[in-house]
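**Q** My structure is stored as entry_20.txt, with compact mmCIF, N, CA and C atoms.
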# COMPACT_ATOMS: atom_id res chain seq x y z
N ALA A 117 -24.15 -9.20 8.08
CA ALA A 117 -23.85 -7.86 8.53
C ALA A 117 -23.80 -6.89 7.37
N ALA A 118 -23.23 -7.32 6.26
CA ALA A 118 -23.12 -6.43 5.10
C ALA A 118 -24.50 -6.08 4.57
N ALA A 119 -25.41 -7.03 4.59
CA ALA A 119 -26.75 -6.76 4.09
C ALA A 119 -27.47 -5.76 4.97
N ARG A 120 -27.27 -5.84 6.28
CA ARG A 120 -27.93 -4.91 7.19
C ARG A 120 -27.38 -3.49 7.08
N THR A 121 -26.13 -3.33 6.71
CA THR A 121 -25.53 -2.00 6.60
C THR A 121 -25.70 -1.39 5.23
N GLY A 122 -26.17 -2.18 4.25
CA GLY A 122 -26.31 -1.67 2.91
C GLY A 122 -25.02 -1.71 2.10
N TRP A 123 -23.97 -2.29 2.67
CA TRP A 123 -22.66 -2.33 2.00
C TRP A 123 -22.42 -3.65 1.29
N GLY A 124 -23.35 -4.59 1.36
CA GLY A 124 -23.13 -5.91 0.79
C GLY A 124 -22.76 -5.88 -0.68
N GLU A 125 -23.57 -5.23 -1.50
CA GLU A 125 -23.31 -5.21 -2.94
C GLU A 125 -22.02 -4.49 -3.29
N PRO A 126 -21.75 -3.27 -2.77
CA PRO A 126 -20.46 -2.63 -3.10
C PRO A 126 -19.26 -3.45 -2.65
N CYS A 127 -19.36 -4.11 -1.52
CA CYS A 127 -18.25 -4.94 -1.04
C CYS A 127 -17.98 -6.09 -2.00
N HIS A 128 -19.05 -6.78 -2.42
CA HIS A 128 -18.88 -7.93 -3.30
C HIS A 128 -18.36 -7.52 -4.68
N VAL A 129 -18.88 -6.41 -5.20
CA VAL A 129 -18.43 -5.93 -6.51
C VAL A 129 -16.96 -5.53 -6.46
N THR A 130 -16.58 -4.80 -5.41
CA THR A 130 -15.18 -4.35 -5.28
C THR A 130 -14.26 -5.54 -5.09
N ALA A 131 -14.64 -6.49 -4.26
CA ALA A 131 -13.82 -7.69 -4.05
C ALA A 131 -13.68 -8.47 -5.36
N ALA A 132 -14.77 -8.57 -6.12
CA ALA A 132 -14.71 -9.29 -7.40
C ALA A 132 -13.76 -8.58 -8.37
N LEU A 133 -13.80 -7.25 -8.40
CA LEU A 133 -12.89 -6.48 -9.25
C LEU A 133 -11.44 -6.76 -8.88
N LEU A 134 -11.15 -6.72 -7.60
CA LEU A 134 -9.77 -6.91 -7.14
C LEU A 134 -9.28 -8.34 -7.34
N SER A 135 -10.19 -9.30 -7.44
CA SER A 135 -9.76 -10.70 -7.58
C SER A 135 -9.48 -11.07 -9.03
N THR A 136 -9.72 -10.17 -9.97
CA THR A 136 -9.43 -10.48 -11.37
C THR A 136 -7.96 -10.20 -11.67
N GLN A 137 -7.46 -10.81 -12.69
CA GLN A 137 -6.07 -10.60 -13.11
C GLN A 137 -5.93 -9.32 -13.92
N LEU A 138 -7.04 -8.69 -14.28
CA LEU A 138 -7.02 -7.53 -15.17
C LEU A 138 -6.86 -6.20 -14.43
N VAL A 139 -6.89 -6.23 -13.13
CA VAL A 139 -6.85 -4.99 -12.36
C VAL A 139 -5.43 -4.40 -12.37
N GLU A 140 -5.34 -3.10 -12.61
CA GLU A 140 -4.05 -2.42 -12.65
C GLU A 140 -3.55 -2.13 -11.24
N PRO A 141 -2.23 -2.07 -11.06
CA PRO A 141 -1.67 -1.77 -9.74
C PRO A 141 -2.23 -0.48 -9.13
N ARG A 142 -2.41 0.54 -9.96
CA ARG A 142 -2.93 1.82 -9.48
C ARG A 142 -4.32 1.64 -8.87
N VAL A 143 -5.12 0.76 -9.46
CA VAL A 143 -6.48 0.52 -8.96
C VAL A 143 -6.43 -0.15 -7.60
N VAL A 144 -5.59 -1.17 -7.46
CA VAL A 144 -5.47 -1.87 -6.17
C VAL A 144 -5.07 -0.89 -5.08
N SER A 145 -4.04 -0.12 -5.37
CA SER A 145 -3.54 0.86 -4.40
C SER A 145 -4.61 1.90 -4.07
N SER A 146 -5.28 2.41 -5.08
CA SER A 146 -6.29 3.45 -4.86
C SER A 146 -7.48 2.95 -4.07
N VAL A 147 -7.93 1.74 -4.37
CA VAL A 147 -9.08 1.18 -3.65
C VAL A 147 -8.74 1.00 -2.18
N LEU A 148 -7.60 0.38 -1.89
CA LEU A 148 -7.24 0.14 -0.49
C LEU A 148 -6.94 1.45 0.24
N HIS A 149 -6.31 2.39 -0.44
CA HIS A 149 -6.04 3.70 0.16
C HIS A 149 -7.35 4.41 0.48
N SER A 150 -8.31 4.37 -0.43
CA SER A 150 -9.60 5.03 -0.21
C SER A 150 -10.36 4.39 0.95
N LEU A 151 -10.32 3.07 1.02
CA LEU A 151 -10.99 2.38 2.13
C LEU A 151 -10.35 2.76 3.47
N ALA A 152 -9.02 2.83 3.50
CA ALA A 152 -8.34 3.19 4.74
C ALA A 152 -8.66 4.63 5.13
N ALA A 153 -8.68 5.53 4.15
CA ALA A 153 -8.98 6.93 4.44
C ALA A 153 -10.40 7.08 4.96
N ALA A 154 -11.31 6.24 4.48
CA ALA A 154 -12.70 6.27 4.94
C ALA A 154 -12.91 5.45 6.21
N ARG A 155 -11.82 4.87 6.72
CA ARG A 155 -11.85 4.03 7.92
C ARG A 155 -12.74 2.79 7.77
N LEU A 156 -12.79 2.27 6.55
CA LEU A 156 -13.50 1.02 6.28
C LEU A 156 -12.46 -0.09 6.31
N THR A 157 -12.21 -0.57 7.51
CA THR A 157 -11.11 -1.51 7.72
C THR A 157 -11.49 -2.91 7.29
N GLY A 158 -10.53 -3.81 7.42
CA GLY A 158 -10.69 -5.18 6.94
C GLY A 158 -11.49 -6.08 7.84
N HIS A 159 -12.47 -5.55 8.49
CA HIS A 159 -13.34 -6.36 9.35
C HIS A 159 -14.77 -6.16 8.88
N GLY A 160 -15.62 -7.11 9.15
CA GLY A 160 -17.01 -6.98 8.76
C GLY A 160 -17.16 -7.06 7.25
N PRO A 161 -18.04 -6.21 6.68
CA PRO A 161 -18.35 -6.35 5.26
C PRO A 161 -17.17 -6.07 4.33
N TRP A 162 -16.16 -5.35 4.80
CA TRP A 162 -15.03 -5.00 3.93
C TRP A 162 -13.88 -5.99 4.00
N GLU A 163 -14.02 -7.02 4.82
CA GLU A 163 -12.94 -8.00 5.01
C GLU A 163 -12.51 -8.64 3.68
N HIS A 164 -13.48 -9.01 2.85
CA HIS A 164 -13.15 -9.66 1.58
C HIS A 164 -12.45 -8.71 0.62
N VAL A 165 -12.82 -7.43 0.67
CA VAL A 165 -12.17 -6.45 -0.20
C VAL A 165 -10.70 -6.32 0.16
N TRP A 166 -10.41 -6.20 1.45
CA TRP A 166 -9.02 -6.09 1.89
C TRP A 166 -8.23 -7.35 1.55
N ARG A 167 -8.84 -8.51 1.79
CA ARG A 167 -8.15 -9.77 1.50
C ARG A 167 -7.86 -9.88 0.01
N ASP A 168 -8.84 -9.60 -0.84
CA ASP A 168 -8.64 -9.71 -2.28
C ASP A 168 -7.69 -8.63 -2.79
N GLY A 169 -7.72 -7.44 -2.19
CA GLY A 169 -6.79 -6.39 -2.57
C GLY A 169 -5.36 -6.76 -2.24
N ALA A 170 -5.16 -7.32 -1.05
CA ALA A 170 -3.81 -7.75 -0.66
C ALA A 170 -3.35 -8.90 -1.55
N SER A 171 -4.25 -9.81 -1.87
CA SER A 171 -3.89 -10.93 -2.76
C SER A 171 -3.53 -10.42 -4.15
N ALA A 172 -4.27 -9.43 -4.64
CA ALA A 172 -3.97 -8.86 -5.97
C ALA A 172 -2.60 -8.20 -5.96
N ALA A 173 -2.29 -7.49 -4.89
CA ALA A 173 -0.99 -6.83 -4.80
C ALA A 173 0.13 -7.86 -4.73
N LEU A 174 -0.08 -8.93 -3.97
CA LEU A 174 0.94 -9.98 -3.85
C LEU A 174 1.14 -10.71 -5.18
N ALA A 175 0.05 -10.90 -5.92
CA ALA A 175 0.13 -11.62 -7.19
C ALA A 175 0.75 -10.77 -8.29
N SER A 176 0.76 -9.47 -8.11
CA SER A 176 1.29 -8.59 -9.14
C SER A 176 2.78 -8.37 -8.95
N ASP A 177 3.38 -7.75 -9.93
CA ASP A 177 4.79 -7.41 -9.88
C ASP A 177 4.89 -6.00 -9.30
N LEU A 178 5.41 -5.89 -8.09
CA LEU A 178 5.47 -4.57 -7.45
C LEU A 178 6.34 -3.58 -8.21
N ARG A 179 7.17 -4.08 -9.12
CA ARG A 179 7.95 -3.16 -9.95
C ARG A 179 7.06 -2.36 -10.89
N GLU A 180 5.83 -2.84 -11.11
CA GLU A 180 4.89 -2.13 -11.97
C GLU A 180 4.18 -0.99 -11.24
N TYR A 181 4.31 -0.94 -9.92
CA TYR A 181 3.64 0.08 -9.14
C TYR A 181 4.43 1.39 -9.21
N ALA A 182 3.73 2.47 -9.44
CA ALA A 182 4.35 3.79 -9.39
C ALA A 182 4.74 4.07 -7.93
N PRO A 183 5.73 4.94 -7.71
CA PRO A 183 6.13 5.25 -6.33
C PRO A 183 4.94 5.68 -5.45
N GLN A 184 4.06 6.51 -5.99
CA GLN A 184 2.90 6.96 -5.20
C GLN A 184 1.99 5.79 -4.85
N ALA A 185 1.82 4.86 -5.77
CA ALA A 185 0.98 3.69 -5.51
C ALA A 185 1.58 2.82 -4.41
N LEU A 186 2.90 2.65 -4.42
CA LEU A 186 3.56 1.88 -3.35
C LEU A 186 3.39 2.57 -2.00
N SER A 187 3.59 3.88 -1.98
CA SER A 187 3.42 4.64 -0.74
C SER A 187 1.99 4.54 -0.23
N ASN A 188 1.02 4.70 -1.15
CA ASN A 188 -0.39 4.62 -0.76
C ASN A 188 -0.75 3.23 -0.26
N LEU A 189 -0.19 2.20 -0.89
CA LEU A 189 -0.47 0.84 -0.47
C LEU A 189 0.09 0.58 0.93
N ALA A 190 1.31 1.01 1.19
CA ALA A 190 1.91 0.84 2.52
C ALA A 190 1.09 1.60 3.56
N TRP A 191 0.69 2.82 3.24
CA TRP A 191 -0.10 3.65 4.15
C TRP A 191 -1.43 2.97 4.46
N ALA A 192 -2.09 2.46 3.42
CA ALA A 192 -3.39 1.80 3.61
C ALA A 192 -3.26 0.56 4.49
N LEU A 193 -2.24 -0.25 4.23
CA LEU A 193 -2.05 -1.47 5.02
C LEU A 193 -1.76 -1.14 6.49
N ALA A 194 -1.02 -0.06 6.72
CA ALA A 194 -0.74 0.34 8.10
C ALA A 194 -2.01 0.79 8.81
N HIS A 195 -2.91 1.45 8.08
CA HIS A 195 -4.18 1.87 8.67
C HIS A 195 -5.10 0.70 8.95
N ASN A 196 -4.92 -0.37 8.25
CA ASN A 196 -5.75 -1.56 8.42
C ASN A 196 -5.03 -2.56 9.32
N ARG A 197 -4.70 -2.12 10.50
CA ARG A 197 -3.91 -2.91 11.45
C ARG A 197 -4.47 -4.32 11.61
N GLY A 198 -3.58 -5.26 11.68
CA GLY A 198 -3.97 -6.64 11.95
C GLY A 198 -4.34 -7.43 10.72
N SER A 199 -4.64 -6.77 9.62
CA SER A 199 -5.04 -7.50 8.43
C SER A 199 -4.00 -7.45 7.33
N ALA A 200 -2.91 -6.77 7.58
CA ALA A 200 -1.87 -6.63 6.56
C ALA A 200 -0.99 -7.88 6.55
N PRO A 201 -0.95 -8.59 5.43
CA PRO A 201 -0.09 -9.77 5.37
C PRO A 201 1.38 -9.38 5.45
N SER A 202 2.12 -10.06 6.31
CA SER A 202 3.53 -9.70 6.50
C SER A 202 4.34 -9.90 5.23
N ASP A 203 3.98 -10.90 4.41
CA ASP A 203 4.74 -11.10 3.18
C ASP A 203 4.53 -9.96 2.20
N LEU A 204 3.35 -9.35 2.20
CA LEU A 204 3.11 -8.19 1.34
C LEU A 204 3.89 -6.98 1.84
N LEU A 205 3.88 -6.76 3.15
CA LEU A 205 4.65 -5.64 3.70
C LEU A 205 6.14 -5.83 3.44
N ASP A 206 6.62 -7.05 3.57
CA ASP A 206 8.04 -7.32 3.29
C ASP A 206 8.36 -7.05 1.82
N ALA A 207 7.47 -7.48 0.93
CA ALA A 207 7.70 -7.27 -0.51
C ALA A 207 7.71 -5.78 -0.84
N ILE A 208 6.81 -5.01 -0.24
CA ILE A 208 6.78 -3.55 -0.45
C ILE A 208 8.07 -2.94 0.06
N ALA A 209 8.50 -3.35 1.24
CA ALA A 209 9.74 -2.81 1.82
C ALA A 209 10.93 -3.09 0.92
N ILE A 210 11.01 -4.29 0.40
CA ILE A 210 12.12 -4.65 -0.49
C ILE A 210 12.10 -3.80 -1.75
N GLU A 211 10.91 -3.66 -2.35
CA GLU A 211 10.80 -2.89 -3.59
C GLU A 211 11.13 -1.41 -3.37
N ILE A 212 10.61 -0.83 -2.31
CA ILE A 212 10.87 0.60 -2.05
C ILE A 212 12.34 0.81 -1.72
N THR A 213 12.93 -0.08 -0.93
CA THR A 213 14.35 0.05 -0.58
C THR A 213 15.21 -0.03 -1.84
N ALA A 214 14.88 -0.94 -2.73
CA ALA A 214 15.65 -1.06 -3.98
C ALA A 214 15.55 0.23 -4.79
N ARG A 215 14.37 0.80 -4.86
CA ARG A 215 14.20 2.04 -5.63
C ARG A 215 14.93 3.22 -4.99
N LEU A 216 14.89 3.28 -3.67
CA LEU A 216 15.54 4.40 -2.99
C LEU A 216 17.05 4.28 -3.00
N SER A 217 17.57 3.11 -3.34
CA SER A 217 19.02 2.92 -3.41
C SER A 217 19.61 3.55 -4.67
N SER A 218 18.79 3.82 -5.64
CA SER A 218 19.23 4.43 -6.89
C SER A 218 18.84 5.91 -6.90
N PRO A 219 19.81 6.82 -7.06
CA PRO A 219 19.46 8.25 -7.07
C PRO A 219 18.41 8.60 -8.13
N HIS A 220 18.49 7.96 -9.29
CA HIS A 220 17.51 8.24 -10.34
C HIS A 220 16.10 7.81 -9.90
N SER A 221 15.98 6.61 -9.36
CA SER A 221 14.68 6.11 -8.90
C SER A 221 14.19 6.85 -7.66
N ALA A 222 15.11 7.24 -6.79
CA ALA A 222 14.73 7.94 -5.56
C ALA A 222 14.05 9.26 -5.87
N ARG A 223 14.45 9.91 -6.97
CA ARG A 223 13.84 11.20 -7.34
C ARG A 223 12.37 11.07 -7.69
N SER A 224 11.92 9.87 -8.01
CA SER A 224 10.51 9.69 -8.38
C SER A 224 9.58 9.69 -7.17
N PHE A 225 10.14 9.59 -5.97
CA PHE A 225 9.34 9.64 -4.74
C PHE A 225 9.19 11.10 -4.31
N THR A 226 8.01 11.47 -3.90
CA THR A 226 7.80 12.81 -3.36
C THR A 226 8.17 12.80 -1.88
N PRO A 227 8.48 13.96 -1.31
CA PRO A 227 8.73 14.00 0.14
C PRO A 227 7.54 13.46 0.93
N GLN A 228 6.31 13.78 0.49
CA GLN A 228 5.12 13.28 1.18
C GLN A 228 5.04 11.76 1.08
N GLY A 229 5.35 11.22 -0.09
CA GLY A 229 5.33 9.76 -0.26
C GLY A 229 6.34 9.08 0.63
N LEU A 230 7.54 9.67 0.73
CA LEU A 230 8.57 9.12 1.61
C LEU A 230 8.11 9.16 3.06
N ALA A 231 7.53 10.28 3.46
CA ALA A 231 7.06 10.43 4.84
C ALA A 231 5.95 9.42 5.14
N ASN A 232 5.01 9.27 4.22
CA ASN A 232 3.91 8.33 4.43
C ASN A 232 4.41 6.89 4.52
N THR A 233 5.39 6.56 3.69
CA THR A 233 5.94 5.21 3.70
C THR A 233 6.69 4.94 5.00
N ALA A 234 7.51 5.89 5.41
CA ALA A 234 8.25 5.74 6.68
C ALA A 234 7.27 5.60 7.84
N TRP A 235 6.22 6.43 7.84
CA TRP A 235 5.20 6.34 8.90
C TRP A 235 4.54 4.97 8.89
N ALA A 236 4.20 4.48 7.70
CA ALA A 236 3.49 3.20 7.59
C ALA A 236 4.30 2.07 8.22
N PHE A 237 5.60 2.03 7.91
CA PHE A 237 6.40 0.94 8.46
C PHE A 237 6.68 1.13 9.95
N ALA A 238 6.74 2.37 10.40
CA ALA A 238 6.87 2.60 11.84
C ALA A 238 5.58 2.19 12.55
N GLU A 239 4.45 2.46 11.93
CA GLU A 239 3.15 2.15 12.52
C GLU A 239 2.94 0.64 12.69
N VAL A 240 3.40 -0.14 11.74
CA VAL A 240 3.21 -1.59 11.85
C VAL A 240 4.37 -2.25 12.57
N SER A 241 5.29 -1.42 13.11
CA SER A 241 6.41 -1.90 13.92
C SER A 241 7.18 -3.01 13.24
N ARG A 242 7.71 -2.70 12.06
CA ARG A 242 8.44 -3.70 11.31
C ARG A 242 9.89 -3.29 11.06
N PRO A 243 10.56 -2.65 12.01
CA PRO A 243 11.92 -2.23 11.71
C PRO A 243 12.89 -3.38 11.47
N ALA A 244 12.60 -4.54 12.00
CA ALA A 244 13.51 -5.67 11.82
C ALA A 244 13.09 -6.55 10.64
N SER A 245 12.06 -6.12 9.91
CA SER A 245 11.59 -6.94 8.80
C SER A 245 12.58 -6.88 7.65
N ALA A 246 12.19 -7.48 6.56
CA ALA A 246 13.10 -7.61 5.41
C ALA A 246 13.40 -6.29 4.74
N GLY A 247 13.09 -5.20 5.35
CA GLY A 247 13.41 -3.93 4.73
C GLY A 247 12.93 -2.72 5.50
N GLY A 248 12.23 -2.92 6.60
CA GLY A 248 11.70 -1.80 7.36
C GLY A 248 12.76 -0.82 7.80
N ALA A 249 13.85 -1.31 8.37
CA ALA A 249 14.94 -0.42 8.80
C ALA A 249 15.64 0.19 7.60
N ALA A 250 15.77 -0.59 6.54
CA ALA A 250 16.42 -0.08 5.34
C ALA A 250 15.61 1.05 4.71
N ILE A 251 14.28 0.97 4.84
CA ILE A 251 13.44 2.05 4.30
C ILE A 251 13.76 3.35 5.01
N GLY A 252 13.91 3.31 6.32
CA GLY A 252 14.23 4.52 7.06
C GLY A 252 15.53 5.13 6.60
N ALA A 253 16.56 4.30 6.46
CA ALA A 253 17.87 4.80 6.01
C ALA A 253 17.80 5.30 4.58
N ALA A 254 17.15 4.54 3.71
CA ALA A 254 17.06 4.94 2.30
C ALA A 254 16.20 6.18 2.15
N ALA A 255 15.14 6.29 2.94
CA ALA A 255 14.29 7.48 2.87
C ALA A 255 15.08 8.71 3.31
N GLY A 256 15.92 8.55 4.31
CA GLY A 256 16.77 9.67 4.75
C GLY A 256 17.71 10.12 3.65
N ARG A 257 18.33 9.15 2.96
CA ARG A 257 19.23 9.50 1.85
C ARG A 257 18.45 10.16 0.72
N ALA A 258 17.26 9.63 0.42
CA ALA A 258 16.45 10.21 -0.66
C ALA A 258 15.99 11.61 -0.29
N ALA A 259 15.63 11.83 0.97
CA ALA A 259 15.20 13.17 1.40
C ALA A 259 16.35 14.15 1.28
N ALA A 260 17.55 13.72 1.65
CA ALA A 260 18.72 14.58 1.50
C ALA A 260 18.98 14.90 0.04
N LEU A 261 18.81 13.93 -0.83
CA LEU A 261 18.98 14.14 -2.26
C LEU A 261 17.95 15.14 -2.78
N LEU A 262 16.70 15.00 -2.33
CA LEU A 262 15.65 15.93 -2.76
C LEU A 262 15.97 17.36 -2.32
N LEU A 263 16.51 17.52 -1.13
CA LEU A 263 16.89 18.86 -0.65
C LEU A 263 17.99 19.46 -1.49
N VAL A 264 18.96 18.65 -1.87
CA VAL A 264 20.06 19.13 -2.70
C VAL A 264 19.56 19.54 -4.08
N LEU A 265 18.62 18.75 -4.63
CA LEU A 265 18.12 19.03 -5.97
C LEU A 265 17.14 20.20 -6.01
N ALA A 266 16.55 20.52 -4.87
CA ALA A 266 15.53 21.58 -4.86
C ALA A 266 16.12 22.97 -5.05
Let me see the file written as structure tokens.
**A**
Amino acid sequence: AAARTGWGEPCHVTAALLSTQLVEPRVVSSVLHSLAAARLTGHGPWEHVWRDGASAALASDLREYAPQALSNLAWALAHNRGSAPSDLLDAIAIEITARLSSPHSARSFTPQGLANTAWAFAEVSRPASAGGAAIGAAAGRAAALLLVLA
């Protein structure tokens, strides 16, 4: 199918890039976010890219991800319904909740990033997961803090 659509080579090159240990967290997040924005979901020729991107994110230390990269990654996974590994979503939820629990770390999230992250977890219906409900509460506290600081 990839050969017939002309996407075979870009898919394989992108998947190969994401499967290396040298890829930066920002790259993983940006690639998956771009694919989701272009509606190139994890089926057909892009399936390997999504799988390798999710594997790269799981293999990395999410503490290395900038707040925007975490928000973009959550947003991308929510757009790619059905292909988002639950352990990756749980790990993102735990990391974001931990950051939003600290006023200093919470300031690094933009209101748009908070909104996108809250939407992503609502979209994948994970309020009872290892942090989905906590993200909503922590995002509310962080939004209130941002209003006070503004």
**Q** Quick one: distance from atom CA of A:Val144 to atom N of A:Ser221 in Å, one decimal?
**A** 23.3 Å
**Q** Anything within 10 Å of (-5.4, 0.8, -5.2): list those residues as a ChimeraX atom specification, counting only C-alpha atoms and sticking to the file's coordinates.
**A** /A:134,139-151,169-170,172-173,181,185-186,188-189,192
**Q** Going by DSSP on the backbone, which residues of stretch 162-216 of chain A come out as alpha helix (DSSP H)? List them as a ChimeraX atom specification.
**A** /A:163-175,183-195,202-216
**Q** For A:Asn196, please output as a short mmCIF file (atom, residue, chain, number, x, y, z; two decimals) with N, CA and C atoms, keeping the file's coordinate frame all residues within 12 Å (counting only C-alpha atoms; exclusion window: fewer than 3 positions along the same chain).
**A**
data_model
loop_
_atom_site.label_atom_id
_atom_site.label_comp_id
_atom_site.auth_asym_id
_atom_site.auth_seq_id
_atom_site.Cartn_x
_atom_site.Cartn_y
_atom_site.Cartn_z
N LEU A 148 -7.60 0.38 -1.89
CA LEU A 148 -7.24 0.14 -0.49
C LEU A 148 -6.94 1.45 0.24
N HIS A 149 -6.31 2.39 -0.44
CA HIS A 149 -6.04 3.70 0.16
C HIS A 149 -7.35 4.41 0.48
N SER A 150 -8.31 4.37 -0.43
CA SER A 150 -9.60 5.03 -0.21
C SER A 150 -10.36 4.39 0.95
N LEU A 151 -10.32 3.07 1.02
CA LEU A 151 -10.99 2.38 2.13
C LEU A 151 -10.35 2.76 3.47
N ALA A 152 -9.02 2.83 3.50
CA ALA A 152 -8.34 3.19 4.74
C ALA A 152 -8.66 4.63 5.13
N ALA A 153 -8.68 5.53 4.15
CA ALA A 153 -8.98 6.93 4.44
C ALA A 153 -10.40 7.08 4.96
N ALA A 154 -11.31 6.24 4.48
CA ALA A 154 -12.70 6.27 4.94
C ALA A 154 -12.91 5.45 6.21
N ARG A 155 -11.82 4.87 6.72
CA ARG A 155 -11.85 4.03 7.92
C ARG A 155 -12.74 2.79 7.77
N LEU A 156 -12.79 2.27 6.55
CA LEU A 156 -13.50 1.02 6.28
C LEU A 156 -12.46 -0.09 6.31
N THR A 157 -12.21 -0.57 7.51
CA THR A 157 -11.11 -1.51 7.72
C THR A 157 -11.49 -2.91 7.29
N GLY A 158 -10.53 -3.81 7.42
CA GLY A 158 -10.69 -5.18 6.94
C GLY A 158 -11.49 -6.08 7.84
N HIS A 159 -12.47 -5.55 8.49
CA HIS A 159 -13.34 -6.36 9.35
C HIS A 159 -14.77 -6.16 8.88
N TRP A 162 -16.16 -5.35 4.80
CA TRP A 162 -15.03 -5.00 3.93
C TRP A 162 -13.88 -5.99 4.00
N GLU A 163 -14.02 -7.02 4.82
CA GLU A 163 -12.94 -8.00 5.01
C GLU A 163 -12.51 -8.64 3.68
N VAL A 165 -12.82 -7.43 0.67
CA VAL A 165 -12.17 -6.45 -0.20
C VAL A 165 -10.70 -6.32 0.16
N TRP A 166 -10.41 -6.20 1.45
CA TRP A 166 -9.02 -6.09 1.89
C TRP A 166 -8.23 -7.35 1.55
N ARG A 167 -8.84 -8.51 1.79
CA ARG A 167 -8.15 -9.77 1.50
C ARG A 167 -7.86 -9.88 0.01
N ALA A 170 -5.16 -7.32 -1.05
CA ALA A 170 -3.81 -7.75 -0.66
C ALA A 170 -3.35 -8.90 -1.55
N LEU A 189 -0.19 2.20 -0.89
CA LEU A 189 -0.47 0.84 -0.47
C LEU A 189 0.09 0.58 0.93
N ALA A 190 1.31 1.01 1.19
CA ALA A 190 1.91 0.84 2.52
C ALA A 190 1.09 1.60 3.56
N TRP A 191 0.69 2.82 3.24
CA TRP A 191 -0.10 3.65 4.15
C TRP A 191 -1.43 2.97 4.46
N ALA A 192 -2.09 2.46 3.42
CA ALA A 192 -3.39 1.80 3.61
C ALA A 192 -3.26 0.56 4.49
N LEU A 193 -2.24 -0.25 4.23
CA LEU A 193 -2.05 -1.47 5.02
C LEU A 193 -1.76 -1.14 6.49
N SER A 199 -4.64 -6.77 9.62
CA SER A 199 -5.04 -7.50 8.43
C SER A 199 -4.00 -7.45 7.33
N ALA A 200 -2.91 -6.77 7.58
CA ALA A 200 -1.87 -6.63 6.56
C ALA A 200 -0.99 -7.88 6.55
N PRO A 201 -0.95 -8.59 5.43
CA PRO A 201 -0.09 -9.77 5.37
C PRO A 201 1.38 -9.38 5.45
N ALA A 236 4.20 4.48 7.70
CA ALA A 236 3.49 3.20 7.59
C ALA A 236 4.30 2.07 8.22
N GLU A 239 4.45 2.46 11.93
CA GLU A 239 3.15 2.15 12.52
C GLU A 239 2.94 0.64 12.69
N VAL A 240 3.40 -0.14 11.74
CA VAL A 240 3.21 -1.59 11.85
C VAL A 240 4.37 -2.25 12.57
#
**Q** For A:Phe225, which residue out of A:Gly160, A:His195, A:Ala182, A:Asp177 is the nearest one, using only C-alpha atoms?
**A**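 When distances to A:Phe225 are compared using only C-alpha atoms, the smallest one comes from A:Ala182.
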**Q** At what distance in Å, to one decimal, does atom N of A:Thr213 lie from atom CA of A:Asp168?
**A**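 Computing the Euclidean distance for atom CA of A:Asp168 and atom N of A:Thr213 yields 23.7 Å.
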**Q** Report, in Å to a single decimal, how far apart atom CA of A:Leu205 and atom N of A:Phe237 are.
**A** 8.8 Å
